[in-house]
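A.B. asks: This is my_file-v7.cif, which holds mmCIF, C-alpha atoms:
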data_structure
loop_
_atom_site.label_atom_id
_atom_site.label_comp_id
_atom_site.auth_asym_id
_atom_site.auth_seq_id
_atom_site.Cartn_x
_atom_site.Cartn_y
_atom_site.Cartn_z
CA MET A 143 -4.91 -10.49 -39.56
CA THR A 144 -6.15 -12.36 -36.50
CA GLU A 145 -6.76 -16.10 -36.58
CA LYS A 146 -8.34 -18.49 -34.11
CA LEU A 147 -6.50 -21.65 -33.16
CA GLU A 148 -7.68 -24.70 -31.28
CA HIS A 149 -7.31 -25.12 -27.52
CA GLY A 150 -8.41 -21.58 -26.74
CA THR A 151 -5.38 -19.69 -28.06
CA ILE A 152 -6.03 -16.28 -29.62
CA ARG A 153 -3.13 -15.09 -31.78
CA ALA A 154 -2.11 -13.31 -34.95
CA SER A 155 0.57 -13.61 -37.60
CA LYS A 156 2.79 -10.82 -36.19
CA ILE A 157 4.91 -10.94 -33.07
CA TYR A 158 4.12 -8.43 -30.32
CA GLN A 159 7.05 -6.01 -30.08
CA LYS A 160 5.86 -2.73 -28.60
CA GLU A 161 6.51 -2.26 -24.89
CA VAL A 162 3.92 -0.03 -23.28
CA ARG A 163 5.17 2.44 -20.70
CA ALA A 164 2.38 3.33 -18.29
CA LEU A 165 1.73 4.41 -14.74
CA ALA A 166 0.68 0.86 -13.97
CA GLN A 167 2.93 -0.94 -16.45
CA ILE A 168 1.70 -4.35 -17.50
CA LYS A 169 3.17 -6.64 -20.12
CA PRO A 170 2.68 -10.09 -21.66
CA PHE A 171 4.90 -13.02 -20.73
CA ARG A 172 5.68 -16.59 -21.65
CA ALA A 173 3.84 -18.44 -18.93
CA LEU A 174 5.06 -21.71 -17.51
CA ARG A 175 2.25 -24.25 -17.78
CA TYR A 176 1.63 -27.94 -17.21
CA GLN A 177 1.98 -30.32 -20.14
CA LEU A 178 -1.17 -32.32 -19.52
CA GLU A 179 -0.11 -35.34 -21.59
CA LYS A 180 2.65 -35.92 -19.02
CA ALA A 181 1.31 -34.37 -15.84
CA GLY A 182 -2.36 -35.38 -15.90
CA ARG A 183 -5.65 -33.51 -15.77
CA ILE A 184 -5.50 -29.80 -14.94
CA GLU A 185 -8.10 -30.16 -12.16
CA GLU A 186 -5.71 -32.59 -10.42
CA LEU A 187 -2.74 -30.23 -10.75
CA THR A 188 -4.20 -27.00 -9.33
CA CYS A 189 -5.11 -26.02 -5.78
CA PRO A 190 -6.39 -23.07 -3.70
CA PRO A 191 -3.91 -20.50 -2.31
CA TYR A 192 -1.28 -21.97 -0.01
CA ASP A 193 -2.36 -19.98 3.06
CA ILE A 194 -5.81 -21.58 3.31
CA ILE A 195 -4.65 -25.20 2.89
CA SER A 196 -4.20 -27.50 5.89
CA GLU A 197 -1.55 -30.20 5.97
CA THR A 198 -4.27 -32.85 5.60
CA GLN A 199 -5.56 -31.11 2.49
CA ARG A 200 -2.03 -30.77 1.15
CA GLN A 201 -1.46 -34.50 1.44
CA ALA A 202 -4.79 -35.19 -0.26
CA TYR A 203 -3.80 -33.07 -3.27
CA LEU A 204 -0.51 -34.94 -3.62
CA GLU A 205 -2.18 -38.33 -3.26
CA ARG A 206 -4.51 -37.40 -6.09
CA ASN A 207 -1.60 -36.32 -8.32
CA PRO A 208 2.07 -36.09 -7.21
CA TYR A 209 2.62 -33.27 -9.73
CA ASN A 210 0.13 -30.96 -8.00
CA VAL A 211 1.47 -27.40 -7.76
CA ILE A 212 1.17 -27.51 -3.97
CA ARG A 213 4.50 -29.36 -4.01
CA LEU A 214 6.09 -26.16 -5.33
CA GLU A 215 3.95 -23.54 -3.62
CA LEU A 216 3.86 -25.13 -0.15
CA PRO A 217 6.95 -27.37 0.17
CA ARG A 218 7.70 -29.45 3.25
CA GLY A 219 10.72 -31.30 4.65
CA ASP A 220 14.02 -30.43 6.33
CA SER A 221 14.95 -28.00 3.53
CA PRO A 222 11.58 -27.13 2.00
CA TYR A 223 12.63 -24.20 -0.17
CA GLU A 224 15.62 -25.98 -1.67
CA GLU A 225 13.37 -28.99 -2.28
CA ALA A 226 10.91 -26.78 -4.17
CA GLY A 227 13.72 -25.41 -6.32
CA LYS A 228 15.00 -28.91 -7.07
CA THR A 229 11.50 -30.15 -7.92
CA LEU A 230 10.93 -27.25 -10.30
CA GLU A 231 14.18 -28.00 -12.15
CA GLU A 232 13.26 -31.69 -12.42
CA TRP A 233 9.79 -30.92 -13.78
CA LEU A 234 11.27 -28.55 -16.35
CA GLN A 235 13.78 -31.16 -17.50
CA GLU A 236 11.14 -33.89 -17.63
CA GLY A 237 8.70 -31.71 -19.57
CA ILE A 238 6.07 -31.71 -16.83
CA LEU A 239 6.18 -27.93 -17.04
CA LYS A 240 7.01 -25.98 -20.18
CA GLN A 241 7.05 -22.33 -21.16
CA ASP A 242 4.71 -21.10 -23.87
CA MET A 243 6.46 -20.43 -27.16
CA GLU A 244 5.08 -16.90 -27.52
CA GLU A 245 4.41 -14.06 -25.11
CA GLY A 246 0.79 -13.60 -24.24
CA LEU A 247 -1.81 -12.41 -21.80
CA TYR A 248 -4.08 -14.87 -20.02
CA LEU A 249 -7.80 -14.32 -19.46
CA TYR A 250 -9.24 -16.03 -16.41
CA GLU A 251 -12.88 -16.57 -15.48
CA GLN A 252 -14.46 -17.84 -12.28
CA GLU A 253 -18.14 -18.84 -12.30
CA PHE A 254 -19.66 -19.52 -8.88
CA LEU A 255 -22.54 -19.08 -6.49
CA SER A 256 -22.37 -15.88 -4.47
CA GLN A 257 -22.63 -17.66 -1.11
CA ALA A 258 -20.61 -20.80 -1.88
CA ASP A 259 -23.43 -23.32 -1.31
CA HIS A 260 -26.38 -21.17 -2.41
CA GLY A 261 -27.18 -17.76 -3.81
CA ASP A 262 -27.03 -16.12 -7.21
CA LYS A 263 -24.73 -17.39 -9.94
CA LYS A 264 -21.92 -14.93 -10.58
CA SER A 265 -19.00 -14.66 -12.96
CA LEU A 266 -15.77 -12.67 -12.77
CA LYS A 267 -13.28 -12.31 -15.63
CA GLY A 268 -9.82 -10.87 -15.21
CA LEU A 269 -6.48 -10.47 -16.93
CA ILE A 270 -3.34 -12.35 -15.86
CA CYS A 271 -0.14 -10.51 -16.80
CA ARG A 272 3.19 -9.26 -15.56
CA VAL A 273 3.10 -5.97 -13.62
CA ARG A 274 6.17 -3.84 -12.98
CA VAL A 275 7.09 -3.95 -9.28
CA GLU A 276 6.76 -0.49 -7.75
CA ASP A 277 7.42 0.69 -4.21
CA PHE A 278 4.24 1.66 -2.39
CA ALA A 279 5.54 5.23 -2.12
CA ALA A 280 5.21 5.56 -5.91
CA GLY A 281 1.43 5.40 -5.54
CA VAL A 282 1.02 2.97 -8.44
CA VAL A 283 0.26 -0.29 -6.62
CA LEU A 284 -1.74 0.38 -3.47
CA PRO A 285 -2.19 -1.95 -0.48
CA HIS A 286 -5.18 -1.87 1.81
CA GLU A 287 -4.24 -4.29 4.59
CA GLU A 288 -1.44 -4.81 7.12
CA THR A 289 0.90 -7.81 6.72
CA LEU A 290 2.80 -10.24 8.96
CA SER A 291 6.60 -10.58 8.90
CA LYS A 292 6.58 -14.38 9.24
CA ALA A 293 4.56 -14.88 6.06
CA LYS A 294 6.80 -12.51 4.08
CA THR A 295 9.95 -14.35 5.20
CA ASP A 296 8.45 -17.66 4.06
CA ARG A 297 7.50 -16.33 0.61
CA PHE A 298 10.89 -14.60 0.19
CA ASN A 299 12.80 -17.80 0.90
CA LEU A 300 10.64 -19.67 -1.60
CA MET A 301 11.12 -17.02 -4.29
CA LYS A 302 14.90 -17.00 -3.84
CA ALA A 303 15.05 -20.79 -4.11
CA THR A 304 12.79 -21.11 -7.17
CA ASN A 305 12.95 -17.73 -8.97
CA CYS A 306 9.30 -18.20 -9.87
CA ASN A 307 5.79 -16.95 -9.10
CA PHE A 308 3.52 -19.98 -8.74
CA SER A 309 0.40 -17.96 -7.93
CA GLN A 310 -0.85 -14.57 -9.04
CA ILE A 311 -1.55 -11.57 -6.85
CA TYR A 312 -5.18 -10.44 -7.06
CA SER A 313 -5.54 -6.72 -7.83
CA LEU A 314 -8.31 -4.35 -8.88
CA TYR A 315 -8.40 -1.35 -11.19
CA GLN A 316 -10.86 1.48 -11.82
CA ASP A 317 -12.33 1.76 -15.31
CA GLU A 318 -15.49 3.86 -15.40
CA GLY A 319 -16.17 3.03 -19.04
CA HIS A 320 -15.46 -0.69 -18.51
CA ILE A 321 -13.30 -0.58 -21.64
CA THR A 322 -10.97 -3.34 -20.54
CA ARG A 323 -13.80 -5.57 -19.39
CA SER A 324 -15.45 -5.17 -22.79
CA ARG A 325 -12.21 -6.18 -24.53
CA ILE A 326 -11.95 -9.25 -22.33
CA GLU A 327 -15.57 -10.20 -23.00
CA ASN A 328 -15.07 -9.89 -26.75
CA LEU A 329 -11.86 -11.93 -26.73
CA THR A 330 -13.37 -14.78 -24.70
CA LYS A 331 -16.25 -15.04 -27.18
CA THR A 332 -13.95 -15.78 -30.13
CA CYS A 333 -13.04 -19.33 -29.12
CA ALA A 334 -13.32 -22.00 -26.46
CA PRO A 335 -11.14 -21.68 -23.33
CA ARG A 336 -7.85 -23.54 -23.11
CA TYR A 337 -8.87 -24.95 -19.73
CA GLU A 338 -12.35 -25.41 -18.28
CA PHE A 339 -13.08 -27.41 -15.13
CA SER A 340 -14.90 -27.28 -11.82
CA ASP A 341 -13.43 -27.82 -8.37
CA GLY A 342 -16.89 -28.53 -6.95
CA LEU A 343 -17.67 -24.93 -6.03
CA VAL A 344 -16.13 -22.84 -8.80
CA THR A 345 -15.85 -23.35 -12.55
CA HIS A 346 -12.48 -22.10 -13.82
CA ARG A 347 -11.73 -21.09 -17.42
CA LEU A 348 -8.51 -19.81 -19.01
CA TRP A 349 -7.84 -18.31 -22.45
CA VAL A 350 -4.42 -17.53 -23.96
CA VAL A 351 -4.16 -14.27 -25.96
CA ASN A 352 -1.23 -13.82 -28.37
CA ASP A 353 -2.79 -11.37 -30.83
CA PRO A 354 -0.42 -8.34 -30.84
CA VAL A 355 -3.26 -5.89 -31.49
CA ALA A 356 -5.31 -7.25 -28.57
CA VAL A 357 -2.27 -7.45 -26.30
CA SER A 358 -1.23 -3.89 -27.11
CA ALA A 359 -4.73 -2.54 -26.54
CA LEU A 360 -5.07 -4.24 -23.17
CA CYS A 361 -1.65 -3.02 -22.01
CA GLU A 362 -2.33 0.54 -23.14
CA ASP A 363 -5.62 0.54 -21.23
CA PHE A 364 -3.64 0.75 -18.01
CA ALA A 365 -1.87 4.03 -18.81
CA GLY A 366 -2.65 6.32 -15.88
CA ARG A 367 -4.34 3.64 -13.78
CA LYS A 368 -3.51 2.58 -10.26
CA LEU A 369 -3.80 -0.99 -9.03
CA TYR A 370 -5.40 -1.89 -5.70
CA ILE A 371 -4.25 -5.13 -4.10
CA ALA A 372 -7.25 -7.25 -3.16
CA ASP A 373 -5.47 -10.43 -2.08
CA GLY A 374 -1.75 -11.15 -1.94
CA HIS A 375 -0.25 -8.34 0.15
CA HIS A 376 2.47 -10.61 1.53
CA ARG A 377 3.42 -11.80 -1.95
CA TYR A 378 3.61 -8.26 -3.33
CA GLU A 379 5.82 -7.03 -0.51
CA THR A 380 7.93 -10.14 -1.10
CA ALA A 381 8.21 -9.19 -4.79
CA ILE A 382 9.59 -5.79 -3.74
CA ASN A 383 12.09 -7.44 -1.39
CA TYR A 384 13.13 -9.96 -4.04
CA ARG A 385 13.65 -7.24 -6.66
CA ASN A 386 15.77 -5.25 -4.20
CA TRP A 387 17.77 -8.35 -3.25
CA CYS A 388 18.55 -9.05 -6.91
CA ARG A 389 19.68 -5.47 -7.42
CA GLU A 390 21.81 -5.34 -4.27
CA ASN A 391 23.55 -8.63 -5.06
CA ASP A 392 24.06 -7.94 -8.80
CA PHE A 393 21.99 -11.02 -9.49
CA TYR A 394 20.86 -10.80 -13.10
CA ASN A 395 17.28 -11.93 -13.06
CA PRO A 396 15.41 -9.83 -15.64
CA GLY A 397 12.00 -11.01 -14.51
CA SER A 398 12.60 -9.72 -10.96
CA GLU A 399 11.38 -6.28 -12.01
CA TYR A 400 7.89 -7.73 -12.56
CA VAL A 401 5.42 -9.88 -10.68
CA MET A 402 2.45 -11.94 -11.89
CA MET A 403 -1.00 -10.48 -11.19
CA MET A 404 -4.63 -11.10 -12.03
CA LEU A 405 -6.38 -7.77 -12.65
CA ALA A 406 -10.15 -7.31 -12.32
CA ASP A 407 -12.48 -4.33 -12.72
CA MET A 408 -13.27 -2.86 -9.30
CA ALA A 409 -16.89 -2.28 -10.38
CA ASP A 410 -17.44 -5.82 -11.68
CA GLU A 411 -20.69 -7.30 -10.36
CA GLY A 412 -18.85 -10.59 -9.91
CA LEU A 413 -16.69 -9.24 -7.06
CA VAL A 414 -17.75 -10.80 -3.78
CA VAL A 415 -16.26 -9.90 -0.39
CA PHE A 416 -17.04 -12.00 2.67
CA PRO A 417 -16.65 -10.69 6.22
CA THR A 418 -14.08 -12.09 8.62
CA HIS A 419 -15.53 -12.49 12.10
CA ARG A 420 -13.67 -11.82 15.36
CA LEU A 421 -13.29 -14.23 18.28
CA VAL A 422 -12.15 -12.98 21.70
CA ARG A 423 -10.40 -15.57 23.85
CA ASP A 424 -8.31 -16.01 27.02
CA LEU A 425 -9.29 -12.57 28.28
CA PRO A 426 -8.83 -12.35 32.07
CA GLY A 427 -11.92 -11.26 33.92
CA PHE A 428 -14.19 -11.27 30.90
CA HIS A 429 -17.80 -10.61 31.88
CA GLY A 430 -20.49 -10.46 29.20
CA PRO A 431 -23.00 -8.18 30.98
CA GLU A 432 -20.23 -5.67 31.76
CA LEU A 433 -19.24 -5.60 28.09
CA LEU A 434 -22.83 -4.88 27.03
CA LYS A 435 -23.09 -2.10 29.63
CA ALA A 436 -19.86 -0.53 28.36
CA CYS A 437 -21.07 -0.72 24.75
CA GLU A 438 -24.23 1.24 25.62
CA ALA A 439 -22.14 4.43 25.73
CA GLU A 440 -21.85 4.51 21.92
CA PHE A 441 -24.10 1.72 20.61
CA ASP A 442 -27.75 0.82 20.53
CA VAL A 443 -27.90 -2.65 22.09
CA LEU A 444 -30.62 -4.71 20.40
CA PRO A 445 -31.38 -8.22 21.74
CA CYS A 446 -31.80 -11.04 19.18
CA GLY A 447 -33.22 -14.54 19.47
CA ASP A 448 -30.76 -16.70 17.58
CA LEU A 449 -28.06 -16.79 14.91
CA PRO A 450 -30.39 -16.59 11.85
CA GLU A 451 -32.20 -13.58 13.33
CA ALA A 452 -28.90 -11.90 14.22
CA GLN A 453 -27.55 -12.41 10.70
CA SER A 454 -30.76 -11.17 9.08
CA ARG A 455 -30.95 -8.02 11.17
CA LEU A 456 -27.23 -7.39 10.77
CA SER A 457 -27.68 -7.54 7.00
CA SER A 458 -30.59 -5.09 7.19
CA LEU A 459 -28.47 -2.59 9.10
CA TYR A 460 -25.77 -3.00 6.44
CA GLU A 461 -28.28 -2.06 3.74
CA GLU A 462 -29.23 1.00 5.79
CA GLY A 463 -25.57 2.05 5.90
CA ARG A 464 -25.25 1.67 9.68
CA HIS A 465 -22.15 0.36 11.44
CA ALA A 466 -23.20 -2.71 13.39
CA PHE A 467 -22.05 -6.06 14.79
CA ALA A 468 -23.71 -9.14 16.21
CA LEU A 469 -22.29 -10.10 19.60
CA TYR A 470 -22.65 -13.65 20.96
CA GLY A 471 -21.50 -14.46 24.47
CA GLY A 472 -22.78 -18.00 24.82
CA SER A 473 -26.20 -17.30 26.34
CA ALA A 474 -27.61 -14.50 24.21
CA TRP A 475 -27.32 -12.60 20.94
CA ASN A 476 -27.23 -8.82 20.77
CA LEU A 477 -26.84 -6.39 17.90
CA LEU A 478 -24.57 -3.41 18.53
CA ALA A 479 -25.46 -0.49 16.23
CA LEU A 480 -23.33 2.66 16.37
CA ARG A 481 -25.50 5.68 17.18
CA ASP A 482 -23.32 8.54 15.94
CA PRO A 483 -20.46 7.90 13.45
CA ALA A 484 -19.03 11.34 14.33
CA VAL A 485 -17.53 9.81 17.47
CA MET A 486 -14.85 8.24 15.25
CA ASP A 487 -13.52 11.72 14.35
CA SER A 488 -12.03 12.09 17.84
CA VAL A 489 -11.12 8.41 18.23
CA LEU A 490 -8.99 8.23 15.06
CA PRO A 491 -8.27 11.88 14.17
CA GLU A 492 -5.10 10.96 12.26
CA LYS A 493 -7.02 8.74 9.85
CA SER A 494 -9.05 9.68 6.79
CA ARG A 495 -12.84 9.56 6.95
CA ALA A 496 -12.74 6.42 4.78
CA SER A 497 -10.57 4.62 7.37
CA ARG A 498 -12.39 5.95 10.41
CA LEU A 499 -15.76 4.70 9.21
CA LEU A 500 -14.78 1.14 8.37
CA ASP A 501 -16.74 -1.36 10.45
CA VAL A 502 -13.47 -3.00 11.52
CA SER A 503 -12.13 0.39 12.68
CA VAL A 504 -15.27 1.00 14.73
CA LEU A 505 -15.16 -2.47 16.27
CA HIS A 506 -11.43 -2.45 17.00
CA SER A 507 -11.32 1.10 18.42
CA LEU A 508 -14.56 1.43 20.37
CA ILE A 509 -15.07 -2.14 21.58
CA LEU A 510 -11.95 -4.28 21.40
CA GLU A 511 -9.55 -1.56 22.57
CA ARG A 512 -11.74 0.74 24.68
CA CYS A 513 -14.15 -1.77 26.26
CA LEU A 514 -12.06 -4.95 26.35
CA GLY A 515 -8.54 -3.52 26.63
CA ILE A 516 -7.08 -5.47 23.70
CA ASP A 517 -4.39 -3.22 22.25
CA LYS A 518 -3.16 -3.12 18.64
CA GLU A 519 -0.02 -5.18 19.34
CA ASN A 520 -2.11 -7.84 21.02
CA MET A 521 -4.44 -7.94 18.00
CA ALA A 522 -1.52 -8.20 15.55
CA ASN A 523 -0.03 -11.10 17.51
CA GLN A 524 -3.45 -12.77 17.86
CA ARG A 525 -3.04 -13.33 21.58
CA ASN A 526 -6.62 -12.53 22.55
CA LEU A 527 -8.11 -12.16 19.10
CA THR A 528 -8.50 -14.72 16.32
CA TYR A 529 -10.48 -14.80 13.09
CA THR A 530 -12.86 -16.99 11.13
CA ARG A 531 -15.01 -16.59 8.02
CA SER A 532 -17.56 -19.08 9.36
CA ALA A 533 -20.31 -17.79 11.65
CA ALA A 534 -21.06 -21.36 12.73
CA GLU A 535 -17.41 -21.89 13.67
CA ALA A 536 -17.43 -18.67 15.69
CA VAL A 537 -20.54 -19.77 17.61
CA ALA A 538 -19.10 -23.24 18.24
CA SER A 539 -15.91 -21.72 19.63
CA VAL A 540 -17.92 -19.71 22.16
CA ASP A 541 -20.19 -22.63 23.07
CA SER A 542 -17.18 -24.87 23.70
CA GLY A 543 -15.57 -22.31 26.00
CA GLU A 544 -12.61 -21.85 23.68
CA SER A 545 -13.62 -18.21 23.11
CA ASN A 546 -15.15 -15.69 25.51
CA CYS A 547 -17.37 -14.16 22.83
CA CYS A 548 -17.51 -13.49 19.11
CA PHE A 549 -18.44 -10.57 16.89
CA LEU A 550 -20.06 -11.19 13.51
CA LEU A 551 -19.36 -8.47 10.94
CA ASN A 552 -20.81 -7.32 7.65
CA PRO A 553 -18.53 -7.44 4.59
CA THR A 554 -16.31 -4.49 3.72
CA ARG A 555 -17.54 -2.76 0.57
CA VAL A 556 -15.22 -2.77 -2.44
CA SER A 557 -15.63 1.00 -2.68
CA GLU A 558 -14.36 1.32 0.89
CA ILE A 559 -11.28 -0.75 0.03
CA GLY A 560 -10.47 1.54 -2.87
CA ALA A 561 -11.01 4.70 -0.81
CA VAL A 562 -8.70 3.56 2.01
CA ALA A 563 -5.97 2.47 -0.40
CA ALA A 564 -6.24 5.72 -2.38
CA ASN A 565 -5.54 7.64 0.84
CA GLY A 566 -2.33 5.65 1.36
CA GLU A 567 -3.74 3.89 4.42
CA LYS A 568 -4.15 0.28 5.46
CA MET A 569 -6.97 -1.58 7.13
CA PRO A 570 -6.42 -3.88 10.11
CA GLN A 571 -5.44 -7.45 9.25
CA LYS A 572 -8.23 -9.75 8.12
CA SER A 573 -10.50 -6.91 7.01
CA THR A 574 -11.47 -8.52 3.70
CA TYR A 575 -11.95 -11.98 2.23
CA PHE A 576 -12.47 -11.97 -1.51
CA TYR A 577 -14.42 -14.99 -2.73
CA PRO A 578 -13.64 -17.14 -4.53
CA LYS A 579 -9.88 -17.33 -4.13
CA LEU A 580 -7.84 -17.46 -7.33
CA ILE A 581 -6.74 -20.98 -8.15
CA THR A 582 -3.01 -21.73 -8.18
CA GLY A 583 -1.25 -23.62 -10.97
CA LEU A 584 -2.94 -22.56 -14.20
CA VAL A 585 -0.03 -20.30 -15.15
CA MET A 586 3.34 -19.59 -13.51
CA ASN A 587 5.88 -16.83 -14.03
CA LEU A 588 9.59 -17.65 -14.39
CA LEU A 589 11.58 -14.71 -13.04
CA THR A 590 14.74 -15.76 -14.87
CA GLU A 591 13.04 -14.80 -18.13
CA GLN A 592 13.04 -11.31 -19.67
#
What's the structure tokens form of this structure?
C.D. replies:
Amino acid sequence: MTEKLEHGTIRASKIYQKEVRALAQIKPFRALRYQLEKAGRIEELTCPPYDIISETQRQAYLERNPYNVIRLELPRGDSPYEEAGKTLEEWLQEGILKQDMEEGLYLYEQEFLSQADHGDKKSLKGLICRVRVEDFAAGVVLPHEETLSKAKTDRFNLMKATNCNFSQIYSLYQDEGHITRSRIENLTKTCAPRYEFSDGLVTHRLWVVNDPVAVSALCEDFAGRKLYIADGHHRYETAINYRNWCRENDFYNPGSEYVMMMLADMADEGLVVFPTHRLVRDLPGFHGPELLKACEAEFDVLPCGDLPEAQSRLSSLYEEGRHAFALYGGSAWNLLALRDPAVMDSVLPEKSRASRLLDVSVLHSLILERCLGIDKENMANQRNLTYTRSAAEAVASVDSGESNCCFLLNPTRVSEIGAVAANGEKMPQKSTYFYPKLITGLVMNLLTEQ
């Protein structure tokens, strides 16, 4: 018999015992969570992902509450990783953080406006759980984007020092019947969330599910499914490296075989992907008119009046299914619309059709490489190419002379992400930006625990 308890916990009188073996194997866990009576308000203890936080923002979070999770997730000092490990031990001893008594799954909702400061109200609900770490070759957990070695080294050092996941990897799954989403909807209707707060842009809610019947059903839903990483490629590759390191060093850490993830339905209307725009800088001999002339070989060049017009027309081309970009060189706007997508068959013959026809593939291959001479290694090292999600920031960089020009892109479609990943391929770095980012600090995963 299921009973509802206060504070948003959903549980039953029996203890969950069955372990579900599945292609994508997920399981409940005893999350590490803040004890609010000692630590403070949950909205003061959480923060966005570490890789989008500046040092000024980091200090502001700690000034607001010294127990903010950023102290663990983004440590500083002469020995930052060791300091994070020491801090975690202190907070456990002091009762700032405490593990839940029972294993459970955690339901997480984000409610937000589709364009941050305006647009339609949207909501996305997902499932936070442990997922068995699988090598990419197994075809169970699929990446879609290239990663950087420096970021993986940083996350690996932190994981070794703390033996903990402080933030969850964001992954998607396919569920044509939306069975799992229906279960989540039904469970969240049974009681109030454990946490509910707004960070000014997004309202966050979390429910704790301990009911063995509900837990078992959710876990069994994933039999035969694959998981597609949306955000957190560096952290997943780090989880693989950490698992291997534990095995190779006979380090008994039962939780190392799993990593914490938030799983969302790939077809959920609440999924929002923003584009990441490209800025070209420090390119010797750059000449705007020559670039436009070179682009005419494969693109229709369409002059635009200003940024709003360029964005509006770029969006219209997106709706038409055309591959297009808005180019700004400081004095004029032009739309570049690919005339014949078949040209990509000869440009990237080794790639699948899904990869060849990504907007970023078209831009990188036909314009950045062929017209501007920026090779793949140069792009990866960001010598002549940088990125921003803000169109206004891109324009300002060109107007100030910091960048030679910028290219505004349309967002990558979620269906395109799934198709590329399913083919075992990866997109160029910074191809996607899922909005909003998952908040860090609601739940944590101790890897020393079974």
A.B. asks: With the file shown as input, list the residues that the PyMOL selection byres ((chain A and resi 301-305) around 9) selects, as a tab-separated table (two decimals) with C-alpha atoms, keeping the file's coordinate frame.
C.D. replies:
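Dumped everything to expr22.tsv:
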chain	number	residue	atom	x	y	z
A	214	LEU	CA	6.09	-26.16	-5.33
A	223	TYR	CA	12.63	-24.20	-0.17
A	224	GLU	CA	15.62	-25.98	-1.67
A	225	GLU	CA	13.37	-28.99	-2.28
A	226	ALA	CA	10.91	-26.78	-4.17
A	227	GLY	CA	13.72	-25.41	-6.32
A	228	LYS	CA	15.00	-28.91	-7.07
A	230	LEU	CA	10.93	-27.25	-10.30
A	231	GLU	CA	14.18	-28.00	-12.15
A	296	ASP	CA	8.45	-17.66	4.06
A	297	ARG	CA	7.50	-16.33	0.61
A	298	PHE	CA	10.89	-14.60	0.19
A	299	ASN	CA	12.80	-17.80	0.90
A	300	LEU	CA	10.64	-19.67	-1.60
A	306	CYS	CA	9.30	-18.20	-9.87
A	307	ASN	CA	5.79	-16.95	-9.10
A	380	THR	CA	7.93	-10.14	-1.10
A	381	ALA	CA	8.21	-9.19	-4.79
A	384	TYR	CA	13.13	-9.96	-4.04
A	395	ASN	CA	17.28	-11.93	-13.06
A	397	GLY	CA	12.00	-11.01	-14.51
A	398	SER	CA	12.60	-9.72	-10.96
A	587	ASN	CA	5.88	-16.83	-14.03
A	588	LEU	CA	9.59	-17.65	-14.39
A	589	LEU	CA	11.58	-14.71	-13.04
A	590	THR	CA	14.74	-15.76	-14.87
A.B. asks: Which residues match the PyMOL selection byres ((chain A and resi 577) around 7) in the file above, as a ChimeraX atom specification?
C.D. replies: /A:414-416,575-576,578-579
A.B. asks: Give me, as a Markdown table, the closest atom pair and its distance (Å, one decimal) for every residue of region 158-249 of chain A within a cut-off of 12 Å of region 340-349 of chain A, counting all atoms listed in the file, rows sorted by chain and rising number.
C.D. replies:
| residue | atom | partner | partner_atom | distance |
| --- | --- | --- | --- | --- |
| A:Arg175 | CA | A:Leu348 | CA | 11.7 |
| A:Arg183 | CA | A:Ser340 | CA | 11.8 |
| A:Ile184 | CA | A:Ser340 | CA | 10.2 |
| A:Glu185 | CA | A:Asp341 | CA | 6.9 |
| A:Glu186 | CA | A:Asp341 | CA | 9.3 |
| A:Leu187 | CA | A:Asp341 | CA | 11.2 |
| A:Thr188 | CA | A:Asp341 | CA | 9.3 |
| A:Cys189 | CA | A:Asp341 | CA | 8.9 |
| A:Pro190 | CA | A:Asp341 | CA | 9.7 |
| A:Gly246 | CA | A:Trp349 | CA | 10.0 |
| A:Leu247 | CA | A:Trp349 | CA | 8.5 |
| A:Tyr248 | CA | A:Trp349 | CA | 5.6 |
| A:Leu249 | CA | A:Trp349 | CA | 5.0 |
A.B. asks: Mind running region 265-309 of chain A against region 512-533 of chain A at 12 Å and telling me each contacting residue's nearest atom pair with the distance in Å (one decimal), counting all atoms listed in the file, chain and number ascending, as JSON lines?
C.D. replies:
{"residue": "A:Glu287", "atom": "CA", "partner": "A:Ala522", "partner_atom": "CA", "distance": 12.0}
{"residue": "A:Glu288", "atom": "CA", "partner": "A:Ala522", "partner_atom": "CA", "distance": 9.1}
{"residue": "A:Thr289", "atom": "CA", "partner": "A:Ala522", "partner_atom": "CA", "distance": 9.2}
{"residue": "A:Leu290", "atom": "CA", "partner": "A:Ala522", "partner_atom": "CA", "distance": 8.1}
{"residue": "A:Ser291", "atom": "CA", "partner": "A:Ala522", "partner_atom": "CA", "distance": 10.8}
{"residue": "A:Lys292", "atom": "CA", "partner": "A:Asn523", "partner_atom": "CA", "distance": 11.1}
A.B. asks: For this structure, which residues satisfy the selection - the PyMOL selection byres ((chain A and resi 446-451) around 8) - when it is evaluated on the file as given? I want them as a PDB file with C-alpha atoms, in the coordinates of the input.
C.D. replies:
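Output below, filename selection_35.pdb:
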ATOM      1  CA  LEU A 444     -30.620  -4.710  20.400  1.00  0.00           C
ATOM      2  CA  PRO A 445     -31.380  -8.220  21.740  1.00  0.00           C
ATOM      3  CA  ALA A 452     -28.900 -11.900  14.220  1.00  0.00           C
ATOM      4  CA  GLN A 453     -27.550 -12.410  10.700  1.00  0.00           C
ATOM      5  CA  SER A 454     -30.760 -11.170   9.080  1.00  0.00           C
ATOM      6  CA  ARG A 455     -30.950  -8.020  11.170  1.00  0.00           C
ATOM      7  CA  ALA A 474     -27.610 -14.500  24.210  1.00  0.00           C
ATOM      8  CA  TRP A 475     -27.320 -12.600  20.940  1.00  0.00           C
ATOM      9  CA  ASN A 476     -27.230  -8.820  20.770  1.00  0.00           C
ATOM     10  CA  LEU A 477     -26.840  -6.390  17.900  1.00  0.00           C
TER      11      LEU A 477
END
